[in-house]
Amino acid sequence: MTPAYRISSFADYQTAYEKSITQPEEFWADVAQQFQWSKPWTKVLEWNFKAPAVNWFTDGKLNITENCLDRHLNTIGDKAAIIWEPNNPQENTQTISFTALHQRVCALANALLNLGIKRGDRVCLYMGMIPELEIAVLACARIGAIHSVIFGGFSAKSIVDRVQDTQAIAIITCDGAYRGAKEIPLKAVVDEALQECDSVKKVLVFTRTKCAVNMLAGRDYSWEQELEKVAASGKTTCPAAQMDSEDPLFILYTSGSTGKPKGVVHTCGGYMVWTAYTFVNVFQVEDEDIHFCTADIGWVTGHSYIIYGPLLAGTTSLMFEGIPTWPDAGRFWEIIAKHRVSILYTSPTAIRGLMSHGLEPITGKDLSSLRVLGSVGEPINEEAWHWYDEHIGKGKCPIVDTWWQTETGGIMISNLAGITPAKPSYATLPLPGVQPVLMDGSGQKMLGNSVSGNLCIQFPWPGMIRTTWGDHERCRMSYFDTYPKLYFTGDGCLRDEQGFFRITGRVDDVLNVSGHRLGTAELENAINMQEHVAESAVVPFPHDLKGQGIYAFVVLKEGIPPSDAERAAIHICITENIGPIAKPDKIQFVSGLPKTRSGKIMRRILRKIAEGEMEHLGDTTTLLDPGIVEAIKTGAKNL
Ligand code: WTA
């Protein structure tokens with residue numbers, strides 16, 4: 001079943017890359033032809049980055065679920081599409097074949113239609129990591145509804161923001177979710193959010209934990225009962241809505257440097273081609289692979305490499321409900337041994353966390369099935385890279401360091417496992433179709449090697465962001481305005497003497513905490529909601545496990561003395577407004593923030609102080625009150 005577009009040697013990579021640059025339309029048409037379209041496209045690509053307006057496979061019609069499921073039924077129908085490993089190792093694993101998944105997706109799709117959900121409607125999903133989340137995603141795609149998954153760790157307020165922005169008419173949720181030793185009452189959080197969400201008419205609730213839930217008649221429906229109704233109706237299939245290639249498939253929110261998270265929109269045709277192409281090539285997928293991506297489906301990695309990429313490629317995807325350290329730090333290794341996992345795709349944060357438990361949890365675990373290791377979400381430090389290589393890969397598995405973003409839909413810069421060279425802490429070379437350029441401070445393209453600058457992409461690729469939901473101008477401003485005719489990633493990057501790329505981290509006001517993106521503005525807004533806070537400034541600082549930690553400088557209102565109680569109240573405020581992942585690691589109370597005469601906070605100075613750099617703070621003469629810096633430095637030393 002190896003697709004014709006699978007690259008099989010370094011020379012092959014060079015040929016593919018060359019063609020993707022010189023004849024992009026022919027190149028992508030060849031790839032796209034390997035999928036099922038109900039109507040062929042009339043034009044492969046139309047684009048301009050000024051608007052921006054990007055169309056791939058114009059006029060083509062398809063449904064991504066037919067490509068994920070129906071297309072495989074005659075060949076690999078009995079093969080496992082999903083292996084689900086529950087949070088609690090005592091509970092049974094579930095294996096769902098392509099045929100069974102197809103049936104379950106069709107059944108739920110019919111239930112959604114019965115609830116009045118139509119093509120183009122937005123549906124928010126707030127669930128734990130259970131197969132039903134994947135089924136719900138696919139059922140939406142089946143009927144042409146636009147799914148927007150909300151990470152199960154986000155707060156009611158975060159749900160409100162996303163539901164209001166999408167104007168979703170339905171939410172699919174669970175009674176509760178398991179996460180390590182915790183049980184999280186998801187439906188109760190949804191209930192709280194819905195007090196402020198008028199657009200939502202239907203809530204579908206799957207029973208996972210059997211905790212008590214309130215069901216509002218006429219609004220809340222039981223997943224199980226709705227499926228019984230579908231079964232009683234005798235319908236076993238659900239026709240797939242034929243979508244335009246450029247119809248939205250999903251909206252996924254991600255943090256930017258300003259204000260509220262933005263809804264990144266991906267469309268059906270291009271995203272399909274891109275996720276399948278990148279999945280097959282980066283991981284060098286083989287028929288018998290068991291692919292274990294440890295991300296949560298609430299993030300883009302879960303969308304592209306737990307659900308869509310693997311299903312499109314006909315690969316078995318292992319989905320895990322729990323956390324790496326519960327019941328103990330050997331959980332990943334146990335799962336790998338139990339299911340003979342061949343591809344492990346995880347984050348540097350998870351690797352560093354597991355590394356901190358020493359080798360004992362690995363001892364005696366059979367990891368011999370592993371063939372390829374992957375890293376995603378943040379820069380991987382060399383120490384973690386070597387540990388991963390030596391202790392997990394046993395020196396025989398290529399490690400793919402995959403750089404990409406919610407906005408790019410799929411992997412952009414990465415070595416291809418065993419095909420192109422790896423270099424620790426380098427994402428290395430661009431995938432075919434990806435044309436990276438580095439820009440210097442004056443807006444000039446940096447040519448040649450051994451240079452570093454801001455990473456941009458100068459030509460469209462099929463999986464790229466099309467718009468930010470409801471606000472196209474925001475998309476233009478965020479990504480296409482900084483440098484004319486370029487997509488700006490927000491990342492800094494170095495190109496070494498061999499032309500290999502190394503991502504050095506965000507250059508905008510976005511933090512990457514344990515691989516999760518958080519905007520400083522978003523964090524500050526949440527902190528400022530604490531009633532005793534006058535203002536705040538948030539910066540990252542290097543953190544051994546999380547990559548970056550959150551350092552908050554907080555000014556309390558006149559007459560409020562700093563105390564642990566104020567600190568605790570800030571934590572509660574952040575948890576309520578964003579979620580526990582956004583809790584600051586350090587809170588320093590200060591009497592004022594370093595500001596310029598025009599009132600702009602000089603984050604550069606705060607960043608240095610947070611990093612422990614007290615001496616070389618650069619020019620502070622433009623500050624309104626240079627004295628404040630000394631006080632902040634003293635406070636930081638005593639924190
Ligand atoms: C960072 C996650 C270094 C980067 C798929 C990017 C990385 C942001 C890597 C996107 C990597 C992701 N090496 N940095 N291999 N992968 N990043 O949208 O800063 O959650 O801009 O997408 O994560 O995060 P997002």
# chains A, B, ... in the order shown; residues from 1 in each chain; ligands from 1
>>> residues_around(residues="range 436-444 of chain A", least_positions_apart="2", cutoff="6 Å", atoms="only C-alpha atoms", output="NGL selection string")
:A and (446 or 453-457)
>>> write_last_selection(atoms="all heavy atoms", output="compact mmCIF listing (two decimals), in the first residue's frame")
# COMPACT_ATOMS: atom_id res chain seq x y z
N MET A 446 18.22 36.89 3.71
CA MET A 446 19.61 36.51 3.96
C MET A 446 19.96 35.32 3.08
O MET A 446 19.36 34.26 3.18
CB MET A 446 19.79 36.15 5.43
CG MET A 446 19.30 37.28 6.33
SD MET A 446 19.36 36.81 8.05
CE MET A 446 21.07 37.16 8.39
N GLY A 453 18.16 34.43 11.25
CA GLY A 453 17.20 35.52 11.10
C GLY A 453 15.81 35.04 11.40
O GLY A 453 15.62 34.01 12.05
N ASN A 454 14.84 35.80 10.91
CA ASN A 454 13.45 35.42 11.14
C ASN A 454 12.97 34.50 10.03
O ASN A 454 13.17 34.77 8.85
CB ASN A 454 12.58 36.67 11.21
CG ASN A 454 12.80 37.43 12.50
OD1 ASN A 454 13.48 36.93 13.41
ND2 ASN A 454 12.27 38.63 12.59
N LEU A 455 12.32 33.42 10.43
CA LEU A 455 11.93 32.39 9.46
C LEU A 455 10.62 32.74 8.76
O LEU A 455 9.59 32.96 9.41
CB LEU A 455 11.79 31.04 10.19
CG LEU A 455 11.32 29.86 9.35
CD1 LEU A 455 12.31 29.54 8.23
CD2 LEU A 455 11.12 28.62 10.24
N CYS A 456 10.69 32.78 7.44
CA CYS A 456 9.50 33.02 6.62
C CYS A 456 9.40 31.93 5.56
O CYS A 456 10.37 31.21 5.30
CB CYS A 456 9.60 34.37 5.91
SG CYS A 456 9.62 35.76 7.02
N ILE A 457 8.23 31.81 4.95
CA ILE A 457 8.03 30.84 3.88
C ILE A 457 7.55 31.64 2.66
O ILE A 457 6.61 32.44 2.78
CB ILE A 457 6.98 29.77 4.26
CG1 ILE A 457 7.24 29.21 5.67
CG2 ILE A 457 6.93 28.67 3.20
CD1 ILE A 457 8.40 28.29 5.84
>>> residues_around(residues="Leu125 in chain A", least_positions_apart="3", cutoff="8 Å", atoms="only C-alpha atoms", output="compact mmCIF listing (two decimals) with N, CA, C and O atoms, in the first residue's frame")
# COMPACT_ATOMS: atom_id res chain seq x y z
N LEU A 133 -13.84 10.97 20.72
CA LEU A 133 -13.42 12.29 20.26
C LEU A 133 -13.04 12.21 18.77
O LEU A 133 -13.44 13.06 17.97
N ALA A 136 -16.14 11.80 16.79
CA ALA A 136 -16.90 13.05 16.69
C ALA A 136 -16.27 13.99 15.65
O ALA A 136 -16.98 14.62 14.86
N VAL A 137 -14.95 14.06 15.65
CA VAL A 137 -14.24 14.89 14.66
C VAL A 137 -14.63 14.42 13.25
O VAL A 137 -15.01 15.22 12.39
N HIS A 147 -15.45 21.35 12.53
CA HIS A 147 -15.17 21.03 13.94
C HIS A 147 -14.15 21.99 14.52
O HIS A 147 -13.25 22.47 13.84
N SER A 148 -14.35 22.26 15.81
CA SER A 148 -13.38 23.06 16.53
C SER A 148 -13.16 22.39 17.88
O SER A 148 -14.01 22.45 18.77
N VAL A 149 -12.04 21.70 18.00
CA VAL A 149 -11.76 20.96 19.23
C VAL A 149 -11.16 21.93 20.25
O VAL A 149 -10.26 22.71 19.93
N ILE A 150 -11.68 21.86 21.46
CA ILE A 150 -11.16 22.69 22.55
C ILE A 150 -10.45 21.76 23.52
O ILE A 150 -11.05 20.79 24.01
N ILE A 171 -22.25 21.62 20.96
CA ILE A 171 -21.02 21.18 21.64
C ILE A 171 -21.15 19.68 21.87
O ILE A 171 -22.20 19.20 22.29
N ILE A 172 -20.08 18.98 21.59
CA ILE A 172 -20.04 17.56 21.95
C ILE A 172 -19.06 17.44 23.10
O ILE A 172 -17.93 17.94 23.04
N THR A 173 -19.50 16.77 24.16
CA THR A 173 -18.66 16.68 25.35
C THR A 173 -18.82 15.31 26.01
O THR A 173 -19.47 14.42 25.45
>>> residues_near_ligand(ligand="ligand 1", cutoff="6 Å", atoms="only C-alpha atoms and all ligand atoms", output="short mmCIF file (atom, residue, chain, number, x, y, z; two decimals) with N, CA and C atoms, in the first residue's frame")
data_model
loop_
_atom_site.label_atom_id
_atom_site.label_comp_id
_atom_site.auth_asym_id
_atom_site.auth_seq_id
_atom_site.Cartn_x
_atom_site.Cartn_y
_atom_site.Cartn_z
N THR A 301 -1.15 18.87 16.57
CA THR A 301 -0.41 17.62 16.37
C THR A 301 -1.36 16.42 16.43
N VAL A 376 8.38 17.01 18.52
CA VAL A 376 7.57 18.10 17.99
C VAL A 376 7.20 19.11 19.07
N GLY A 377 7.00 20.33 18.67
CA GLY A 377 6.35 21.31 19.53
C GLY A 377 7.26 22.38 20.09
N GLU A 378 8.54 22.09 20.19
CA GLU A 378 9.48 23.04 20.78
C GLU A 378 10.88 22.57 20.39
N PRO A 379 11.85 23.46 20.55
CA PRO A 379 13.22 23.03 20.24
C PRO A 379 13.63 21.89 21.16
N ASP A 401 13.14 15.44 13.90
CA ASP A 401 12.83 16.67 14.65
C ASP A 401 11.97 17.50 13.72
N THR A 402 10.67 17.53 14.01
CA THR A 402 9.70 18.08 13.07
C THR A 402 9.29 19.48 13.47
N TRP A 403 9.65 20.46 12.68
CA TRP A 403 9.20 21.83 12.95
C TRP A 403 7.95 22.15 12.13
N TRP A 404 6.96 22.63 12.80
CA TRP A 404 5.75 23.11 12.12
C TRP A 404 4.89 23.87 13.11
N GLN A 405 3.71 24.30 12.69
CA GLN A 405 2.85 25.14 13.52
C GLN A 405 1.39 24.82 13.25
N THR A 406 0.53 25.25 14.16
CA THR A 406 -0.92 25.11 13.94
C THR A 406 -1.27 25.66 12.55
N ALA A 427 16.08 20.84 12.92
CA ALA A 427 14.97 20.29 12.14
C ALA A 427 15.48 19.90 10.74
N ASP A 491 9.02 32.61 14.26
CA ASP A 491 10.16 31.89 14.84
C ASP A 491 11.48 32.46 14.33
N ILE A 503 15.67 25.71 14.52
CA ILE A 503 14.71 26.68 15.04
C ILE A 503 15.20 27.13 16.41
N GLY A 505 13.53 29.46 18.41
CA GLY A 505 12.45 29.87 19.32
C GLY A 505 11.71 31.09 18.81
N ARG A 506 10.64 31.44 19.52
CA ARG A 506 9.77 32.52 19.06
C ARG A 506 10.50 33.87 19.16
N HIS A 516 3.28 24.13 24.62
CA HIS A 516 2.00 24.82 24.43
C HIS A 516 2.25 26.29 24.20
N ARG A 517 1.55 26.82 23.21
CA ARG A 517 1.72 28.24 22.90
C ARG A 517 0.84 29.09 23.77
#
>>> closest_atom_pairs(of="range 327-393 of chain A", to="range 274-295 of chain A", cutoff="7 Å", atoms="only C-alpha atoms", output="Markdown table")
| residue | atom | partner | partner_atom | distance |
| --- | --- | --- | --- | --- |
| A:Val341 | CA | A:Ile290 | CA | 4.8 |
| A:Ser342 | CA | A:Ile290 | CA | 5.3 |
| A:Ile343 | CA | A:His291 | CA | 4.7 |
| A:Leu344 | CA | A:Phe292 | CA | 5.0 |
| A:Tyr345 | CA | A:Cys293 | CA | 4.6 |
| A:Thr346 | CA | A:Thr294 | CA | 5.4 |
| A:Val372 | CA | A:Phe283 | CA | 6.7 |
>>> select_by_dssp(residues="range 67-300 of chain A", states="strand (DSSP E)", output="MDAnalysis selection string")
chainID A and resid 80:85 94:97 122:126 146:149 170:174 177:179 182:184 202:206 220:222 243:244 248:254 262:267 290:293
>>> residues_around(residues="Asp389 in chain A", least_positions_apart="4", cutoff="10 Å", atoms="only C-alpha atoms", output="NGL selection string")
:A and (373 or 383-385 or 393-399 or 424)
>>> select_by_dssp(residues="range 163-311 of chain A", states="helix (DSSP H, G or I)", output="ChimeraX atom specification")
/A:163-166,186-194,223-232,268-283,300-311
>>> residues_around(residues="range 105-120 of chain A", least_positions_apart="4", cutoff="9 Å", atoms="only C-alpha atoms", output="VMD selection string")
chain A and resid 65 100 to 101 134 to 146 169 to 170 202 204 221 223 226 to 227 229 to 231 235 to 241 247 to 248
>>> atom_distance(atom1="CA of Pro185 in chain A", atom2="CA of Ala212 in chain A")
8.9 Å
